[in-house]
Every structure is written in C-alpha cells, then in structure tokens.
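One structure is given here, and the rest of the page talks about it.
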Number of protein chains: 2
Amino acid sequence: MPASPIRKLTPYADQAKREGKKVYHLNIGQPDIETPEGMLNAIKNIDFKVWAYTASEGTLTYRSKLAEYYNKLNYNISPENVLVTNGGSEAITIAMGACLDPGDEVIIPEPFYANYNGFACMSDLVVKPILSHIENGFALPPINEFEKLITDKTKAILICNPNNPTGYLYSREELEELKKLCLKYDLFLFSDEAYREFCYDGKEFISPMFLSGLDENVVVMDTVSKRYSACGARLGCLITKNKAVMAASLKFAQARLSPGMVAQIAGTAAVDTPDSYFQEVNKEYSERRDILVKSLNQIEGVYCPNPGGAFYVVAKFPIDNSDKFCQWMLEDFEYDNQTVMMAPATGFYSSAAAGTQEVRLAYVLNKEDLKNAMICLQKALEVYPGRVIN
Amino acid sequence: MPASPIRKLTPYADQAKREGKKVYHLNIGQPDIETPEGMLNAIKNIDFKVWAYTASEGTLTYRSKLAEYYNKLNYNISPENVLVTNGGSEAITIAMGACLDPGDEVIIPEPFYANYNGFACMSDLVVKPILSHIENGFALPPINEFEKLITDKTKAILICNPNNPTGYLYSREELEELKKLCLKYDLFLFSDEAYREFCYDGKEFISPMFLSGLDENVVVMDTVSKRYSACGARLGCLITKNKAVMAASLKFAQARLSPGMVAQIAGTAAVDTPDSYFQEVNKEYSERRDILVKSLNQIEGVYCPNPGGAFYVVAKFPIDNSDKFCQWMLEDFEYDNQTVMMAPATGFYSSAAAGTQEVRLAYVLNKEDLKNAMICLQKALEVYPGRVIN
C-alpha cells in the first residue's frame, strides 16, 4: 500500500508552524468555499428518531434527486443507474473491484491523482501509467501510445476530467478518440468527474456519458466534495448504464451495508442549490487561477499551462528536485516569516524520475493570500540552492 | 464477490407486502431502539460553515473521547491506538488489508457474519471456516480444530464477540485459549466487537484487549451502529496497540481521505450518553431474548440455545431446508394475514450443507410484535410441507 505523496511533508509543515511561520497551504484539495446553506440547514433540520441504515445503493429519494441533477446536464439516466457511495473514493474502489479481477491492468494518463495507486493496490490491480506532458498542457497522450500498453490483462482506462492534478479539461475530440479505443479493445472507461462544476473560460465539460454507443463501457465516479465544498460529507456516487457492472457494484455496496443517512439528506437538499452559488464560486476560482497562472509565468524560469478546469495547476520550476524543494520551502526558507506548502508532482507520476521539476498548486486560498504566496514563492526560487537553468 | 445471503429473500418480502401481508422482520440487524437524544442534538447543533475533510485517522477530539469510552472498560489505550472508519465495515476491510496479503488465510468460526466473505474477497484473501455447533450453543470450537487448519498462509483468526449470528458470548477461558494459539503461530486476532454493549444475565464481556501479552496481535473492529442504534452514521473504528498495523491501516485511511465529519461530531456527543440509556436498552433486549428463546423452545421440534449477547439467535427447525422454508414463509404462508421474514443460516456458513435446518432471528421488534411473530412461526411449522422429524 503506497503512502500518500503529500503526507510526507506534513511533519515539516507542522515544524514550520511551531517555529511561528505562516504557511500558505497550496498543497491540498480542501476548498475554503462555504458549503451551500441549504445543505447545512438540511443537517440542522433532521427529524428522525432512529439513525438507521439506508438501502445499500442509497435512498430512492436521493438517487432520484441525483438523476434530476445529472439529467439537467444531459446524462439521460434514471435512479437505477446511480449507486450512492461513501465519498468519491468508494466509488473508485467499487468500480475497480466490480470491473477488474486481481492482476488486471488499468491504464491511467499521468500525472494522476495519487490515491488511484492505493485503490488499485487494495484490489490487487496493476496501474499502467501513460505520460502526458506539460508542454501541451497535459493533453491526452496520443492514442497509439495507449495501444502500445494494451495487453490481454488490460480492462479499463481511467481519466479524471477536469484533471487533478493538472486542471486539464478533456475535449470532445479526445473523448471520441478514447471511445474508439475502448470499443476496439472492449475496455471500461472510468471517468472521475469530481471537478465537473469547475470549468472556466466558457469551456464545455464533456462526460463520456454524452457519447453515443458507449453505454456499456462507461462508469462515472463522482462526489459532492468539491461541487458543494462538502468534502467531510463522504458522499459520492457511481453511475453506469451497464447493468452487469451495476449488479456487481451493488454486491460491494451491500457488503458495507449503507452509505451515510445524514449525508444523503444533505445531498438531496444540495441538488436545489441555486445557480448563483456556482456562478459565484466559478468566478472566484477562475480569478484565482488567473492570478496564480499569471504570477507563476512571471517568475523567471517557471512555466505553468493555463488549465481549463478543477482548481489545480502543475507548474515547472527551475529546480533540481521538487521533493527537495518543497521540503526546503518548509524547513529552511521564510520570507517575511511566511512560506508556501505545495505538493511535489513526483507523487502524481508512477514513471520513475518523471515530474522532478514539477509541483502541484491548489488555488484553494483567497486572492490576497494567493498573491502573497506567489511573492513568497518567487523569493524562494531566487535563493533556492538547488536552482537549475532549464 | 459473493451476494449477501439475506438479500435473496427481499423480492419475496416485497411481493408479500404487495399482497397485503404484514411481514415481521426478524431478518435484519437494524434495531428499532431510538438513537440517544444527545447524539441527534449534536447533529442539529452543528455550527461549521465548511463541511471539510477531517484528519484521515479521525479528529483528535473524537479519538480522545473514544479513548475515554474504552478506558472506562479497561482497554488502556490512547487516541493514537484508534483509527476512525466509515462504519465497522471499513474497520474490517482496513484490518484485513493492513494485516494480510492477497492469498493469505483467515480462520473464522462459523456460522459467521456473511459479509466477512465479501470483505475477504475484496482483499483477495481466503476464509477458512471452522464449524461451531448449535448443540453447545455455538461455543468456540476446540483449539486443536483450529490447529488443523493452520498453514503458512494463515495470518489471522477473526471472532465476533458477542457473536452475530449466534449471540454467543465468548468466555475469558476461550479467549485465553485463542491467545495461546495466536502467540504460538504468530497470528493476528481480529475481534469484531460491534455488540459489546449487549451482554445479558450479568455476564461479563471480555475483549482480547484485556489479555496481557497480546498487544501486538489484537486488532479490534468496532462501530457505533448497534451501541447507539446509529447504523446510518457509518461510524466505526479500528483499535490496535501494534504500531506497524496502525501505520499500515493509516495508509488505507489516507487513500480514502477522511471519515465523515458530522458523524464524528455526533459520535463525540454519544460517548456522554447516560448509563440509564444502556440499562433500559439492555433490559428491553434481554426481555425480548427471553420471549424469543422461550417461545422457540416451546414449538415442537425447535431447538434454540439461550445466547449471552447481541440481539440474534440461531435456532434449529424441523425443516428440510432453511432457504426453502424462509422463502415459503414469505411466498406461500400466512396466518391471520401475517408472516415472518428470517435469515436462513446457510448464508452464515461457508461449509457446504451446513446450517440447512438453522435460521437466524434478530430480536429487533417490540415484545408484542415478537410474540405475534412467534405464534405465526409456530403455525407455519405445523403446516410446512417440508417438515421433517429431527
């Protein structure tokens, strides 16, 4: 079981705080955005006497409400296509467990969300990474690169869209390419859509669920964590029109009995969150992204693509080693008694030596803090002993 | 992934209800007891603005409060020994994942909680069942029977105490025997203690955590589901003093990020539930057990041991096949337009043909309903076409 790559730095951050440094946390995906009031009120207004199990697949009330949410986005699903899970994490583990057998392989473009490794490990699966590149903004690697990796053990391709850690938003053309590949080799297409609501510059989010003729292949994993800034709800779902996959997934769900009851009550209320909430949140995030990307590219030797979604960027720094650099930022650097915590991109790559000059930054701080963090980072890169010229 | 044995009957129960029959549900572990008020009030009184992740191991507040609860019972633990999980289910999957590798074996006395099979399957483990017998109330099988099963792949023994499905409460002597065995063969002792609070007739609950010299071997899996009638909270925990196991477990916990935040707030309040709550609940359950066991043993050809804990019994009926019988009860039988839903014990055995005359009954209904259900069952056994003489 691999350790989470971000956790390694926690002791250094704790030590920095003990020393009185202000640490700007650009390392994690915990948004500072407030959870919608309607969702919190639903919690406060519970009126049951027995905090009981719900159906293993989730309450019909919540699944119906979710279908309403997805159908507004043209998913064309019914409650029977939805299985409620304990967070998006469980949706991923269930999808992997239901669709793959021990020893089977799943191809994932890298850099990728590091916990996919952990989930694959739990089901004794093999992750086959395929490199995407910062030079083209981490676009989908060429399909022939995927084909090179396919063996008779390959059962699925997993994409995260918009992407964590890169923020890349896959285009309809890229998804059509993946569709052809999945149909040709009879592969599942796992689509982690945790960041669906976070698309910028008027760009359109495309789910593989929108593509015709792919119903038997697509499994969507989703969560309310980012959508409603409700990470602590542990409320996700798995969506598929493939009945055999849903039946197998239900067995996993039945083994753990039930998702959370209060979370589902809150999740039901969340679907009625007014559009204005998302408009405000989107405006806030896209402004933050603009500040971050602009500031980063103004720093000498730094390159950062301008991603279309999520709330992360992966930037390239003029450094010898991102693990060392991120640790040095916490341990040995301060500017005006401040420093920045970031996630070395190495932890998001499976391929050895990939991402050694790259760092993931999450724009989950307010704009003022972000600006200060960028000043701090600029000063750090000026004096970092391991600075290199790219 | 094996299906849950109880689920198979659900369509028949649904059909019976559509036909207007009253169905007494003695098939499930969902108590009808009210959740403590303090726990529900804690939910209603939440005052956060961002429903955020908590630490992967659970909040320090909740773990400290849990340590307080366990230390009153002489577990002698600190918050560092506690990992908060999404239900007891996740405590079991994490313990299995952290302590065993794919292909490893875990010995479990049967009949056992059927979902252990599912959890083992998820981690690609092998369950080795060892028969316990209704004739001696499902006491621990002789230790030499365990020894016969031990191979170099055997890594753990799992007990559920008090037991689901049998209600059997293990004695200190039995646990001391298991201790010797675990030390001799260097095995983990997994102790599922979901029903700890439900011990009757003044009998004492003994955890393997109470035994000296076994700290490196014991992993306790627990949940608030039954203790506070809060099954829908999905709040459990794993307890161990073995630091390597805790470190490995934490990696699993980190992969899924966080347990539920609201559940932990409620769980913290739950620890202050007054003793009077448990006294009342215990009195209620032991009266129900008395009614159930007495009524069952008064039915001709039925034998039911008098278990010391939990809220289940496994009884032997004068029938050809418990799967057929339980289905027949729903499909073809009614007395005064009523029938009873029970769980065939076959689903709790791994060994072929075991439990074919046995049925699990959960006493989660009020006394009046229980009495009516027993009358109904008596009438059914009188006319069941597959009746046999034992």
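Identifiers in the structure tokens: chain A, B, ... in order shown; residue index from 1 per chain; ligand index from 1 in order shown.
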Only residues of chain B matter here; which ones have an atom within 8 Å of chain A, counting only C-alpha atoms? Give them as a PyMOL selection string.
chain B and resi 1-4+30+32-35+40+43-46+49-54+86-87+89-90+97+102+115+118-119+122-124+229-234+248+251-252+254-262
With DSSP run on the backbone, what are the strand (DSSP E) residues within range 88-169 of chain B? I'd like them as an MDAnalysis selection string.
chainID B and resid 105:110 126:131 154:160
Excluding Tyr12 in chain A and its own-chain neighbours fewer than 6 positions away, which residues fall within 8 Å of it when counting only C-alpha atoms? Please give them as number ranges by chain.
A: 327, 330-331
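Computed from the coordinates, the CA of Val281 in chain A to CA of Gln298 in chain A distance equals 25.7 Å.
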Long-range neighbours of range 62-79 of chain A as number ranges by chain, 9 Å cut-off, only C-alpha atoms, 3 positions minimum in chain:
A: 57-59, 82-84, 207, 209-210, 239-241, 264-265, 267-269, 271-272
Interatomic distance (Å, one decimal) between CA of Thr154 in chain B and CA of Leu125 in chain A:
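Answer for the CA of Thr154 in chain B to CA of Leu125 in chain A separation: 22.6 Å.
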Show me, as number ranges by chain, the residues that have an atom within 7 Å of range 312-325 of chain B when counting only C-alpha atoms, minus same-chain residues fewer than 5 positions from it.
B: 164-167, 301-304, 307, 344, 356-363, 386-390
Residues at most 8 Å from Glu177 in chain A, counting only C-alpha atoms, excluding those fewer than 4 positions away in the same chain, as a PyMOL selection string?
chain A and resi 143+173+181
Serialized selection, N, CA and C atoms, as a PDB file, in the first residue's frame:
```
ATOM      1  N   ILE A 143      -3.302   8.326 -29.003  1.00  0.00           N
ATOM      2  CA  ILE A 143      -3.965   7.038 -28.813  1.00  0.00           C
ATOM      3  C   ILE A 143      -3.021   5.863 -29.098  1.00  0.00           C
ATOM      4  N   GLU A 173     -13.186  15.863 -28.750  1.00  0.00           N
ATOM      5  CA  GLU A 173     -12.392  15.082 -29.705  1.00  0.00           C
ATOM      6  C   GLU A 173     -11.556  14.022 -28.973  1.00  0.00           C
ATOM      7  N   LEU A 181     -11.121   3.685 -28.955  1.00  0.00           N
ATOM      8  CA  LEU A 181     -10.169   2.742 -28.362  1.00  0.00           C
ATOM      9  C   LEU A 181     -10.880   1.739 -27.451  1.00  0.00           C
TER      10      LEU A 181
END
```
Please report the interatomic distance between CA of Tyr195 in chain A and CA of Leu238 in chain A in Å with one decimal.
14.7 Å
Taking 5 positions as the minimum chain separation for residues in the same chain, which residues sit within 9 Å of range 15-22 of chain B when counting only C-alpha atoms? Answer as a count of residues only.
10
Please extract the residues of range 35-253 of chain B with a backbone DSSP assignment of alpha helix (DSSP H) and present them as a count of residues only.
74
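Each of A:Ala354, A:Ala266, A:Ile130, A:Ala345 was compared to Ile150 in chain A using only C-alpha atoms, and A:Ile130 turns out to be the nearest.
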